[in-house]
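Written out below as structure tokens is the structure these notes cover.
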Amino acid sequence: MDRQQKYIENLQKMIRIETVSDAKCGSPKENFDRFHELLWEMFPHIKGVCKLKEFNGSLLLRWKGSDSSQLPVLFMNHHDVVPAAPEGWKYPPFSAEIDEGRIWGRGTLDDKGGLWAMFQAADELAEAGFVPSRDLYLETACNEETMGAGADEISSWLRDNGIRFEMVFDEGGDIVREPMAGARGTFAMIGVGEKSVANLRFIARSEGGHASTPGKNTPLVRLGKFMAYVDSHQVFDIRLAPAVAEMLVRMAPYMGKTGKLTEKADKLKGPVGILLSKLGPTTRSMVSTTIAFTQIGGGTAVNVIPREAWVVGDMRCSHHQGMEDSIKAITKVAEKFGLETEVFESSVESGMADYTGKAFKLVEEAVAATIPGVDACCPYLMTGGSDSRYFARVCDQCIRFLPFTIDAEQMDTIHGINESVDLSTLVPAVEYYKYMMQHV
Ligand SMILES: [Zn+2]
């Protein structure tokens, strides 16, 4: 069978098993078990050369290398997906239909596509008798989309057993054609870090009372004033991280007139940071902590002043300000409006990989050797979360990148409708992982 055809069929089989991790509408455990069986049917050689350890449905494999005295390297992806109701999809989300040169379905990009490419590469290498130069670990979690308990457990186990990694390679950025307005080129967006997340509740209280005789600054009014204030003020510190400056410098030759400014981003960090904070939501999120108000509640009846009302904020913390300081800054503003602040959920904080370091350079080399049509490799900061944040416990060079070439419009389909991957990007993706495994 033609190589691409075989790859298409393997990925289709993975998409067609629904492995939704969701507290309310998640897939049954049988589906996850069936998915694991499918992996070993499709990739028998990996199972032959690796030692498998299971952690409540998440898998860790160790592939022994010729020199186990070197620090090992971890490749990771996940096999759960977010829910997908069929409304709005061109093809049912778990049908893995082929049309317009793409496979359509939930998980094609996030992240069964990445998992497939990683396993396909390892399986072909194992079949050919390849032995890695040092120990390689492969990991796939079953609950990345719901706070990542699997990655938490596995990384804790690794730490407790004294296993550290020189490099970790997880999902993250893709190779994107025109990733932002004005950038005319195809860029490998290589994630070097991700923001941490804190979910906060702001509570306004009052004595209550009848709606016929309202006082001033009742709870809902105070919440409204608070949100309006945060919306129109820069509450958090702005700073252009060196990795973001480097991204702008590398994109500059493809950015026309704007490039004349961004090519100096590493020298003009202050003014460029301020400019980015004003250009729009995407660029603002790169240079400071952000908060989005996402839920609101309070009040019991139409004619009663609420004794308590609340609003929830989803806060994404920058590396330079950190979570503790970001919470302090927003709490100070909330106090001005007489609100209490409560943190009810927070993620672990992770560091930033070095874009001049060995792990990043290896990805650049692999992209150059295996993926056609890439203009530049750019470090970038992920605004979403990934399982690799947990692996900061056992590695300080976690790189977040998937070797699929996509359009900016395909980026929006991740966690949305009509998620799809181009057929033409499948063979290069396997070549990329093979190169990585052969050169670490
Ligand atoms: Zn993912």
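Ligands are numbered from 1 in the order shown, residues from 1 within each chain, and chains are lettered A, B, ... in the order they appear in the structure tokens.
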Let me have all residues with an atom within 9 Å of ligand 1, counting only C-alpha atoms and all ligand atoms, laid out as a count of residues only.
-> 20
Going by DSSP on the backbone, which bits of region 113-236 of chain A are strand (DSSP E or B)? Write them as a VMD selection string, please.
-> chain A and resid 136 to 141 167 to 177 186 to 194 196 to 205 210
Check the smallest atom-to-atom distance from each of A:Val73, A:Leu158, A:Leu220, A:Cys377 to Phe337 (chain A) using only C-alpha atoms, then report the winner.
->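 Answer, going by the shortest atom-to-atom distance: A:Leu220.
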Kindly indicate which residue among A:Phe169, A:Phe35, A:Trp310, A:Phe187 lies nearest to Phe401 (chain A), using only C-alpha atoms for the distances.
->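 Checking each candidate against Phe401 (chain A), we get A:Phe169 as the closest.
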Could you tell me how far CA of Gln321 (chain A) lies from CA of Thr289 (chain A), in Å and to one decimal?
->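 Atom-to-atom, CA of Gln321 (chain A) to CA of Thr289 (chain A), that is 7.3 Å.
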If we count only C-alpha atoms, what is near region 331-335 of chain A at a cut-off of 10 Å, once residues fewer than 4 positions away on the same chain are taken out, given as a ChimeraX atom specification?
-> /A:200,202-204,222-223,225-227,229-230,235,325-327,339-342
Give me every helix (DSSP H, G or I) residue in region 131-334 of chain A, going by DSSP on the backbone, as number ranges by chain.
-> A: 144-146, 149-160, 219-232, 242-254, 258-262, 269-279, 281-287, 322-334
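Proximity ranking of A:Leu423, A:Gly384, A:Asp407, A:Met76 relative to Gly114 (chain A) places A:Met76 first, based on only C-alpha atoms.
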Distance of CA of Ala188 (chain A) from CA of Asp174 (chain A), expressed in Å to one decimal place |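 Pair CA of Asp174 (chain A) / CA of Ala188 (chain A) returns 6.1 Å.
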To one decimal in Å, tell me the separation between CA of Ser318 (chain A) and CA of Ile274 (chain A).
->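 Straight-line distance from CA of Ser318 (chain A) to CA of Ile274 (chain A) works out to 14.8 Å.
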If we count only C-alpha atoms, what is near Trp89 (chain A) at a cut-off of 10 Å, once residues fewer than 5 positions away on the same chain are taken out, given as a compact mmCIF listing (two decimals) with N, CA, C and O atoms, in the first residue's frame?
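Output (selection18.txt):
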```
# COMPACT_ATOMS: atom_id res chain seq x y z
N ALA A 84 -17.52 17.16 20.89
CA ALA A 84 -17.85 17.73 19.57
C ALA A 84 -19.28 17.36 19.23
O ALA A 84 -19.55 16.22 18.85
N TRP A 104 -11.20 15.06 8.11
CA TRP A 104 -11.99 15.92 8.98
C TRP A 104 -12.37 15.16 10.24
O TRP A 104 -12.84 14.03 10.16
N GLY A 105 -12.19 15.78 11.38
CA GLY A 105 -12.67 15.13 12.60
C GLY A 105 -12.02 15.67 13.85
O GLY A 105 -10.94 16.27 13.81
N GLY A 416 -12.94 23.78 18.20
CA GLY A 416 -14.12 24.35 17.56
C GLY A 416 -14.73 23.34 16.60
O GLY A 416 -14.59 22.13 16.80
N ILE A 417 -15.38 23.85 15.54
CA ILE A 417 -15.96 22.93 14.56
C ILE A 417 -15.04 22.81 13.35
O ILE A 417 -14.21 23.67 13.09
N ASN A 418 -15.23 21.70 12.61
CA ASN A 418 -14.51 21.44 11.36
C ASN A 418 -12.99 21.34 11.53
O ASN A 418 -12.23 21.80 10.67
N GLU A 419 -12.55 20.74 12.61
CA GLU A 419 -11.12 20.45 12.81
C GLU A 419 -10.68 19.50 11.69
O GLU A 419 -11.38 18.53 11.37
```
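For the residues A:Ala121, A:Met1, A:Ala183, A:Leu276, ranking by smallest atom-to-atom distance to Leu426 (chain A) using only C-alpha atoms places A:Ala121 first.
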Of the candidates A:Asp266, A:Gln120, A:Ala211, A:Glu30, which shows the shortest atom-to-atom distance to Tyr7 (chain A), using only C-alpha atoms?
->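 Of A:Asp266, A:Gln120, A:Ala211, A:Glu30, the one nearest Tyr7 (chain A), counting only C-alpha atoms, is A:Gln120.
The environment of Tyr380 (chain A) within 7 Å, counting only C-alpha atoms and disregarding residues fewer than 5 places along the same chain, consists of Met189, Ile190, Gly191, Val192, Ala243, Val244 and Met247 of chain A.
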Now that the selection is made, can you save its residues with N, CA and C atoms as a PDB file, in the first residue's frame?
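Output file again.pdb follows:
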```
ATOM      1  N   MET A 189       5.866  27.613  14.387  1.00  0.00           N
ATOM      2  CA  MET A 189       5.663  28.308  15.658  1.00  0.00           C
ATOM      3  C   MET A 189       5.992  27.331  16.789  1.00  0.00           C
ATOM      4  N   ILE A 190       7.175  27.525  17.365  1.00  0.00           N
ATOM      5  CA  ILE A 190       7.698  26.551  18.327  1.00  0.00           C
ATOM      6  C   ILE A 190       7.512  27.097  19.745  1.00  0.00           C
ATOM      7  N   GLY A 191       6.604  26.477  20.478  1.00  0.00           N
ATOM      8  CA  GLY A 191       6.270  26.975  21.821  1.00  0.00           C
ATOM      9  C   GLY A 191       7.402  26.733  22.810  1.00  0.00           C
ATOM     10  N   VAL A 192       7.819  27.785  23.503  1.00  0.00           N
ATOM     11  CA  VAL A 192       8.874  27.639  24.518  1.00  0.00           C
ATOM     12  C   VAL A 192       8.315  27.753  25.934  1.00  0.00           C
ATOM     13  N   ALA A 243      11.881  35.772  24.155  1.00  0.00           N
ATOM     14  CA  ALA A 243      11.411  34.818  23.137  1.00  0.00           C
ATOM     15  C   ALA A 243      10.421  35.486  22.181  1.00  0.00           C
ATOM     16  N   VAL A 244       9.569  36.362  22.714  1.00  0.00           N
ATOM     17  CA  VAL A 244       8.590  37.044  21.857  1.00  0.00           C
ATOM     18  C   VAL A 244       9.310  38.060  20.960  1.00  0.00           C
ATOM     19  N   MET A 247      10.798  36.174  18.157  1.00  0.00           N
ATOM     20  CA  MET A 247       9.774  35.809  17.174  1.00  0.00           C
ATOM     21  C   MET A 247       9.538  36.968  16.200  1.00  0.00           C
TER      22      MET A 247
END
```
Who sits within 12 Å of Gly256 (chain A), only C-alpha atoms, same chain under 6 positions skipped, as a CSV table (one decimal) with N, CA, C and O atoms, in the first residue's frame:
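New file around-v9.csv:
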```csv
chain,number,residue,atom,x,y,z
A,181,ALA,N,-2.0,38.7,11.0
A,181,ALA,CA,-2.2,39.7,9.9
A,181,ALA,C,-0.8,40.3,9.5
A,181,ALA,O,-0.1,40.8,10.4
A,182,GLY,N,-0.5,40.4,8.3
A,182,GLY,CA,0.7,41.1,7.8
A,182,GLY,C,1.9,40.2,7.8
A,182,GLY,O,3.0,40.6,7.2
A,183,ALA,N,1.9,39.0,8.3
A,183,ALA,CA,3.1,38.1,8.3
A,183,ALA,C,2.9,37.2,7.1
A,183,ALA,O,2.2,36.2,7.1
A,184,ARG,N,3.6,37.6,6.0
A,184,ARG,CA,3.4,36.8,4.7
A,184,ARG,C,4.4,35.7,4.6
A,184,ARG,O,5.5,35.9,4.0
A,185,GLY,N,4.1,34.6,5.2
A,185,GLY,CA,5.1,33.5,5.1
A,185,GLY,C,4.5,32.3,5.8
A,185,GLY,O,3.4,32.4,6.4
A,262,THR,N,9.5,45.8,13.8
A,262,THR,CA,9.7,44.5,14.5
A,262,THR,C,11.1,44.0,14.4
A,262,THR,O,11.5,43.2,15.3
A,263,GLU,N,11.8,44.3,13.4
A,263,GLU,CA,13.2,43.8,13.3
A,263,GLU,C,14.1,44.3,14.4
A,263,GLU,O,15.2,43.8,14.7
```
